[in-house]
>>> print(open('upload-v4.cif').read())   # mmCIF, C-alpha atoms
data_run
loop_
_atom_site.label_atom_id
_atom_site.label_comp_id
_atom_site.auth_asym_id
_atom_site.auth_seq_id
_atom_site.Cartn_x
_atom_site.Cartn_y
_atom_site.Cartn_z
CA MET G 288 -41.26 -5.77 -16.81
CA THR G 289 -42.17 -5.41 -13.15
CA GLU G 290 -38.94 -6.12 -11.28
CA LEU G 291 -39.23 -2.78 -9.47
CA GLN G 292 -43.00 -2.83 -8.97
CA GLY G 293 -43.96 -0.93 -5.84
CA GLN G 294 -40.51 0.58 -5.38
CA VAL G 295 -39.80 4.30 -5.22
CA ALA G 296 -36.82 5.88 -6.97
CA LEU G 297 -35.42 9.39 -6.55
CA VAL G 298 -33.40 10.73 -9.50
CA THR G 299 -31.71 14.11 -9.10
CA GLY G 300 -31.35 16.17 -12.26
CA GLY G 301 -33.99 13.96 -13.80
CA GLY G 302 -34.94 16.34 -16.60
CA GLY G 303 -31.65 16.14 -18.48
CA GLY G 304 -30.73 13.65 -21.18
CA ILE G 305 -29.12 11.05 -18.94
CA GLY G 306 -31.48 11.71 -16.03
CA SER G 307 -34.64 11.37 -18.11
CA ALA G 308 -33.35 8.12 -19.70
CA ILE G 309 -32.71 6.72 -16.21
CA CYS G 310 -36.20 7.73 -15.11
CA ARG G 311 -37.78 6.05 -18.14
CA ARG G 312 -35.84 2.83 -17.56
CA LEU G 313 -36.76 2.57 -13.90
CA ALA G 314 -40.40 3.47 -14.54
CA ALA G 315 -40.58 0.84 -17.28
CA ALA G 316 -39.57 -1.71 -14.66
CA GLY G 317 -42.43 -0.62 -12.41
CA ALA G 318 -40.84 1.99 -10.13
CA GLN G 319 -42.56 5.19 -9.05
CA LEU G 320 -40.27 8.13 -9.76
CA VAL G 321 -39.43 11.22 -7.76
CA LEU G 322 -37.72 13.52 -10.24
CA THR G 323 -35.96 16.66 -9.05
CA TYR G 324 -34.63 19.62 -11.00
CA ASN G 325 -32.94 22.92 -10.29
CA SER G 326 -33.80 25.40 -13.04
CA ASP G 327 -35.44 23.83 -16.11
CA GLN G 328 -38.99 22.95 -15.11
CA THR G 329 -40.05 22.50 -18.74
CA LYS G 330 -37.58 19.67 -19.33
CA ALA G 331 -38.45 18.08 -16.01
CA ARG G 332 -42.18 18.08 -16.79
CA ALA G 333 -41.52 16.64 -20.24
CA ALA G 334 -39.48 13.87 -18.61
CA VAL G 335 -42.27 13.03 -16.16
CA ASN G 336 -44.84 13.00 -18.96
CA SER G 337 -42.72 10.42 -20.82
CA LEU G 338 -42.77 7.90 -17.97
CA ALA G 339 -44.69 4.65 -17.90
CA GLY G 340 -47.02 4.06 -14.98
CA GLY G 341 -48.24 6.76 -12.66
CA ASN G 342 -48.04 8.32 -9.20
CA HIS G 343 -44.76 10.03 -10.07
CA LEU G 344 -43.60 13.22 -8.33
CA ILE G 345 -41.69 16.22 -9.68
CA LEU G 346 -40.12 18.80 -7.36
CA ARG G 347 -37.60 21.61 -7.61
CA CYS G 348 -34.77 20.76 -5.23
CA PRO G 349 -31.25 22.11 -5.80
CA VAL G 350 -28.85 19.44 -4.58
CA ASP G 351 -26.59 22.04 -2.97
CA ASP G 352 -29.44 23.24 -0.70
CA SER G 353 -29.33 20.92 2.31
CA ALA G 354 -32.51 22.37 3.83
CA ALA G 355 -34.36 21.68 0.58
CA GLN G 356 -33.00 18.13 0.63
CA THR G 357 -34.45 17.63 4.10
CA ARG G 358 -37.84 18.93 2.93
CA LEU G 359 -37.67 16.60 -0.06
CA ALA G 360 -37.06 13.60 2.19
CA HIS G 361 -40.11 14.55 4.28
CA ALA G 362 -42.22 14.92 1.12
CA ILE G 363 -41.16 11.46 -0.10
CA LYS G 364 -41.95 9.91 3.28
CA GLU G 365 -45.35 11.60 3.40
CA LYS G 366 -46.36 10.62 -0.14
CA TYR G 367 -44.85 7.13 -0.45
CA GLY G 368 -43.68 6.08 3.01
CA ARG G 369 -40.52 4.58 1.51
CA LEU G 370 -37.51 5.16 -0.73
CA ASP G 371 -35.78 2.22 -2.37
CA ILE G 372 -33.51 3.76 -5.00
CA LEU G 373 -31.52 7.00 -5.11
CA VAL G 374 -29.70 8.03 -8.28
CA ASN G 375 -27.37 11.00 -7.80
CA ASN G 376 -27.33 12.25 -11.38
CA ALA G 377 -27.22 16.04 -10.98
CA GLY G 378 -23.89 17.61 -11.86
CA ILE G 379 -22.22 20.59 -13.48
CA SER G 380 -19.05 21.39 -15.40
CA LYS G 381 -17.51 23.93 -17.76
CA PRO G 382 -14.77 23.39 -20.33
CA VAL G 383 -11.43 24.79 -19.15
CA PRO G 384 -8.16 23.57 -20.70
CA HIS G 385 -6.19 21.66 -18.08
CA GLU G 386 -3.11 23.81 -18.64
CA ASP G 387 -5.11 27.01 -18.01
CA LEU G 388 -4.60 27.12 -14.26
CA PHE G 389 -6.01 30.62 -13.86
CA GLY G 390 -9.01 29.88 -16.07
CA LEU G 391 -10.08 27.40 -13.41
CA ASN G 392 -10.86 30.03 -10.81
CA ASP G 393 -11.82 29.47 -7.19
CA GLU G 394 -15.50 30.19 -7.76
CA LEU G 395 -15.81 27.53 -10.47
CA ILE G 396 -13.88 24.99 -8.39
CA ASP G 397 -16.19 25.59 -5.43
CA ASP G 398 -19.31 25.40 -7.61
CA ILE G 399 -18.25 22.06 -9.12
CA PHE G 400 -17.47 20.43 -5.79
CA ARG G 401 -20.55 21.93 -4.12
CA VAL G 402 -22.87 20.36 -6.70
CA ASN G 403 -21.02 17.25 -7.87
CA TRP G 404 -19.78 15.99 -4.50
CA ARG G 405 -21.42 17.83 -1.63
CA GLY G 406 -24.80 17.73 -3.36
CA ALA G 407 -24.65 13.96 -3.78
CA PHE G 408 -23.55 13.51 -0.17
CA ALA G 409 -26.30 15.83 1.11
CA THR G 410 -28.94 13.89 -0.82
CA ILE G 411 -27.76 10.60 0.67
CA ARG G 412 -27.57 12.14 4.14
CA ALA G 413 -31.12 13.51 3.92
CA ASN G 414 -32.59 10.22 2.68
CA HIS G 415 -30.48 7.55 4.35
CA ALA G 416 -33.09 6.73 7.01
CA LEU G 417 -35.71 6.02 4.33
CA LEU G 418 -33.19 4.00 2.32
CA ARG G 419 -32.30 1.91 5.38
CA ALA G 420 -35.92 1.07 6.20
CA GLY G 421 -37.65 -2.12 5.12
CA ASP G 422 -35.53 -4.34 2.91
CA GLY G 423 -32.91 -1.64 2.45
CA GLY G 424 -32.06 0.46 -0.56
CA VAL G 425 -29.47 1.22 -3.20
CA VAL G 426 -27.68 4.41 -4.19
CA VAL G 427 -26.22 4.86 -7.67
CA ASN G 428 -23.84 7.78 -8.14
CA ILE G 429 -23.39 8.90 -11.75
CA SER G 430 -19.66 9.35 -12.03
CA SER G 431 -17.32 9.57 -15.05
CA ILE G 432 -14.21 7.85 -16.35
CA ALA G 433 -12.67 11.32 -15.93
CA GLY G 434 -12.33 10.45 -12.25
CA ARG G 435 -9.95 7.63 -13.20
CA THR G 436 -8.25 8.94 -16.33
CA GLY G 437 -7.87 12.59 -15.33
CA VAL G 438 -9.12 13.56 -18.79
CA GLY G 439 -12.29 15.64 -18.82
CA SER G 440 -13.83 19.08 -19.19
CA ASN G 441 -11.55 20.55 -16.51
CA VAL G 442 -9.28 19.49 -13.67
CA ALA G 443 -11.85 20.17 -10.94
CA TYR G 444 -14.51 18.14 -12.75
CA CYS G 445 -12.14 15.15 -12.94
CA ALA G 446 -11.30 15.53 -9.25
CA SER G 447 -14.97 15.82 -8.26
CA LYS G 448 -15.77 12.53 -9.98
CA ALA G 449 -12.82 10.82 -8.33
CA ALA G 450 -14.14 12.12 -5.01
CA LEU G 451 -17.60 10.79 -5.86
CA ASP G 452 -16.18 7.31 -6.48
CA SER G 453 -14.28 7.51 -3.20
CA MET G 454 -17.52 8.43 -1.42
CA THR G 455 -19.22 5.44 -3.05
CA ARG G 456 -16.61 3.15 -1.49
CA SER G 457 -16.64 4.86 1.91
CA LEU G 458 -20.42 4.88 2.30
CA ALA G 459 -20.77 1.36 0.89
CA ARG G 460 -18.86 0.26 3.95
CA ALA G 461 -20.50 2.68 6.38
CA LEU G 462 -24.13 2.04 5.37
CA ALA G 463 -23.90 -1.73 4.84
CA PRO G 464 -25.73 -4.03 4.94
CA GLN G 465 -28.96 -2.03 4.66
CA VAL G 466 -27.84 0.20 1.77
CA ARG G 467 -25.73 -0.69 -1.27
CA LEU G 468 -23.80 1.97 -3.17
CA LEU G 469 -22.42 1.80 -6.70
CA SER G 470 -20.95 4.29 -9.14
CA VAL G 471 -21.89 4.18 -12.81
CA SER G 472 -19.02 5.70 -14.76
CA PRO G 473 -19.69 6.76 -18.37
CA GLY G 474 -17.23 8.06 -20.90
CA TRP G 475 -18.48 10.45 -23.58
CA VAL G 476 -22.27 10.41 -23.80
CA ASN G 477 -24.15 11.52 -26.89
CA GLY G 478 -26.11 14.33 -25.26
CA GLU G 479 -26.29 18.11 -25.18
CA TYR G 480 -22.67 18.55 -24.08
CA ALA G 481 -21.25 16.26 -26.76
CA GLN G 482 -23.45 17.82 -29.41
CA ARG G 483 -21.90 21.24 -28.69
CA MET G 484 -18.45 19.86 -29.40
CA PRO G 485 -16.88 19.82 -32.89
CA ARG G 486 -17.92 16.73 -34.80
CA SER G 487 -14.23 16.03 -35.47
CA LEU G 488 -13.62 15.68 -31.72
CA ILE G 489 -16.47 13.21 -31.28
CA ALA G 490 -15.32 11.24 -34.33
CA GLU G 491 -11.87 10.99 -32.76
CA GLN G 492 -13.37 9.63 -29.53
CA GLU G 493 -15.38 7.08 -31.50
CA THR G 494 -12.27 5.95 -33.37
CA LYS G 495 -10.32 5.54 -30.11
CA THR G 496 -13.13 3.58 -28.46
CA PRO G 497 -12.85 -0.19 -29.02
CA LEU G 498 -16.63 -0.55 -29.41
CA GLY G 499 -16.63 2.11 -32.11
CA ARG G 500 -19.02 4.72 -30.70
CA ILE G 501 -19.68 6.91 -27.69
CA ALA G 502 -22.42 6.03 -25.23
CA GLU G 503 -26.08 6.89 -25.55
CA ALA G 504 -28.04 8.02 -22.50
CA GLU G 505 -29.87 4.68 -22.65
CA ASP G 506 -26.56 2.83 -22.14
CA VAL G 507 -26.11 4.66 -18.85
CA ALA G 508 -29.73 3.98 -17.90
CA GLU G 509 -29.29 0.26 -18.52
CA ALA G 510 -26.23 0.23 -16.26
CA VAL G 511 -28.21 1.96 -13.52
CA TYR G 512 -30.98 -0.59 -13.90
CA ALA G 513 -28.45 -3.43 -13.69
CA ALA G 514 -26.91 -1.93 -10.54
CA VAL G 515 -30.33 -1.68 -8.92
CA ALA G 516 -32.08 -4.85 -10.04
CA GLN G 517 -29.43 -7.37 -11.05
CA LEU G 518 -26.12 -6.78 -9.25
CA ARG G 519 -27.64 -7.37 -5.84
CA PHE G 520 -24.43 -8.71 -4.29
CA SER G 521 -22.30 -5.77 -5.46
CA THR G 522 -21.48 -2.69 -3.41
CA GLY G 523 -18.69 -0.14 -3.38
CA ASP G 524 -17.88 -0.80 -7.04
CA VAL G 525 -17.45 1.48 -10.04
CA LEU G 526 -19.22 0.21 -13.17
CA PRO G 527 -17.70 1.58 -16.41
CA VAL G 528 -19.98 2.45 -19.33
CA ASP G 529 -17.28 3.64 -21.70
CA GLY G 530 -17.04 1.16 -24.58
CA GLY G 531 -13.48 0.38 -23.50
CA ARG G 532 -12.33 3.95 -24.16
CA PRO G 533 -9.37 3.80 -21.69
CA LEU G 534 -7.97 0.93 -23.81
CA GLY G 535 -7.84 3.06 -26.97
#
>>> encode(input="upload-v4.cif", output="structure tokens")
Amino acid sequence: MTELQGQVALVTGGGGGIGSAICRRLAAAGAQLVLTYNSDQTKARAAVNSLAGGNHLILRCPVDDSAAQTRLAHAIKEKYGRLDILVNNAGISKPVPHEDLFGLNDELIDDIFRVNWRGAFATIRANHALLRAGDGGVVVNISSIAGRTGVGSNVAYCASKAALDSMTRSLARALAPQVRLLSVSPGWVNGEYAQRMPRSLIAEQETKTPLGRIAEAEDVAEAVYAAVAQLRFSTGDVLPVDGGRPLG
């Protein structure tokens, strides 16, 4: 599969379960990957080593460090001379019961919005000139159905994903026609976070999901691939990858 042959894709948080699956899917279609990480270099290197093709790049670049984002954009321009795809995958959260208003302290709220929203915006801002060059580019923001349902690990996390979807719509208008923006919005994903939860909780989610299971990281990766390579006349939209969970 060579639909993305010669294209360059930047995936933030590319060493995690969802991020590495996205990297593998895009590389399998021919893209050259720029994978960034914040703290876990070992996972990031393992992700790069799993990719098809070659000429990939791995760099530490915290998404909440705007100066580092600018340096990253310069490094991409110097090495590849182009950027076609940006996947804003990096994000953080922490379980806090929604009724525990004081458990969701100011520091955690600020951390979540700094990474989940400001970090995604800063990455787009730093790379928008590269994305607008040539035939134009596409940005995929990894969101969550929590932004629509208000059900998630904590209230601030839900709000940050709603804000991310709002940014997708705003910038889809502002950066058109050179750059398309889409959100990919998973429900529960069978990764490290879900595996730390009680099995009874996951079984309940599976039962309440019309398609009978929670998502795998590869389901999210396939949606990202579709947004990039197949839905070429779509922008400003939120693509659910939730098995119909809100219907349950």
>>> atom_distance(input="upload-v4.cif", atom1="CA of Leu291 in chain G", atom2="CA of Lys448 in chain G")
28.0 Å
>>> resolve_selection(input="upload-v4.cif", expression="the PyMOL selection byres ((chain G and resi 407) around 10)", output="count of residues only")
25
>>> closest_residue(input="upload-v4.cif", among="G:Leu534, G:Val438, G:Ala318, G:Val507", to="His385 in chain G", atoms="all atoms listed in the file")
G:Val438
>>> resolve_selection(input="upload-v4.cif", expression="the PyMOL selection byres ((chain G and resi 474) around 9)", output="list of chain:residue names")
G:Ser431, G:Ile432, G:Ala433, G:Ser472, G:Pro473, G:Trp475, G:Val476, G:Ile501, G:Ala502, G:Pro527, G:Val528, G:Asp529, G:Gly530, G:Gly531, G:Arg532, G:Pro533
>>> residues_around(input="upload-v4.cif", residues="Gly421 in chain G", least_positions_apart="6", cutoff="12 Å", atoms="only C-alpha atoms", output="ChimeraX atom specification")
/G:294,368-371,465-466
>>> resolve_selection(input="upload-v4.cif", expression="the PyMOL selection byres ((chain G and resi 459) around 12)", output="JSON, numbers by chain")
{"G": [411, 424, 425, 426, 427, 428, 452, 453, 454, 455, 456, 457, 458, 460, 461, 462, 463, 464, 465, 466, 467, 468, 469, 470, 520, 521, 522, 523, 524, 525]}
>>> atom_distance(input="upload-v4.cif", atom1="CA of Leu344 in chain G", atom2="CA of Gln319 in chain G")
8.1 Å
>>> atom_distance(input="upload-v4.cif", atom1="CA of Cys348 in chain G", atom2="CA of Asn325 in chain G")
5.8 Å
>>> residues_near_point(input="upload-v4.cif", point="(-20.5, 23.2, -15.8)", cutoff="6 Å", atoms="all atoms listed in the file", output="PyMOL selection string")
chain G and resi 379-381
>>> closest_residue(input="upload-v4.cif", among="G:Val515, G:Ala416, G:Leu322, G:Leu526", to="Glu290 in chain G", atoms="only C-alpha atoms")
G:Val515
>>> axis_aligned_box(input="upload-v4.cif", around="range 493-503 of chain G", padding_each_side="3 Å", output="lines of an AutoDock Vina configuration file")
center_x = -18.2
center_y = 3.3
center_z = -29.3
size_x = 21.8
size_y = 13.6
size_z = 14.1
>>> closest_residue(input="upload-v4.cif", among="G:Gly304, G:Gly478, G:Pro384, G:Gly293", to="His343 in chain G", atoms="all atoms listed in the file")
G:Gly293
>>> closest_residue(input="upload-v4.cif", among="G:Ala333, G:Val511, G:Thr357, G:Tyr444", to="Val383 in chain G", atoms="all atoms listed in the file")
G:Tyr444
>>> closest_residue(input="upload-v4.cif", among="G:Lys495, G:Thr436, G:Gly303, G:Asn441", to="Gln328 in chain G", atoms="all atoms listed in the file")
G:Gly303
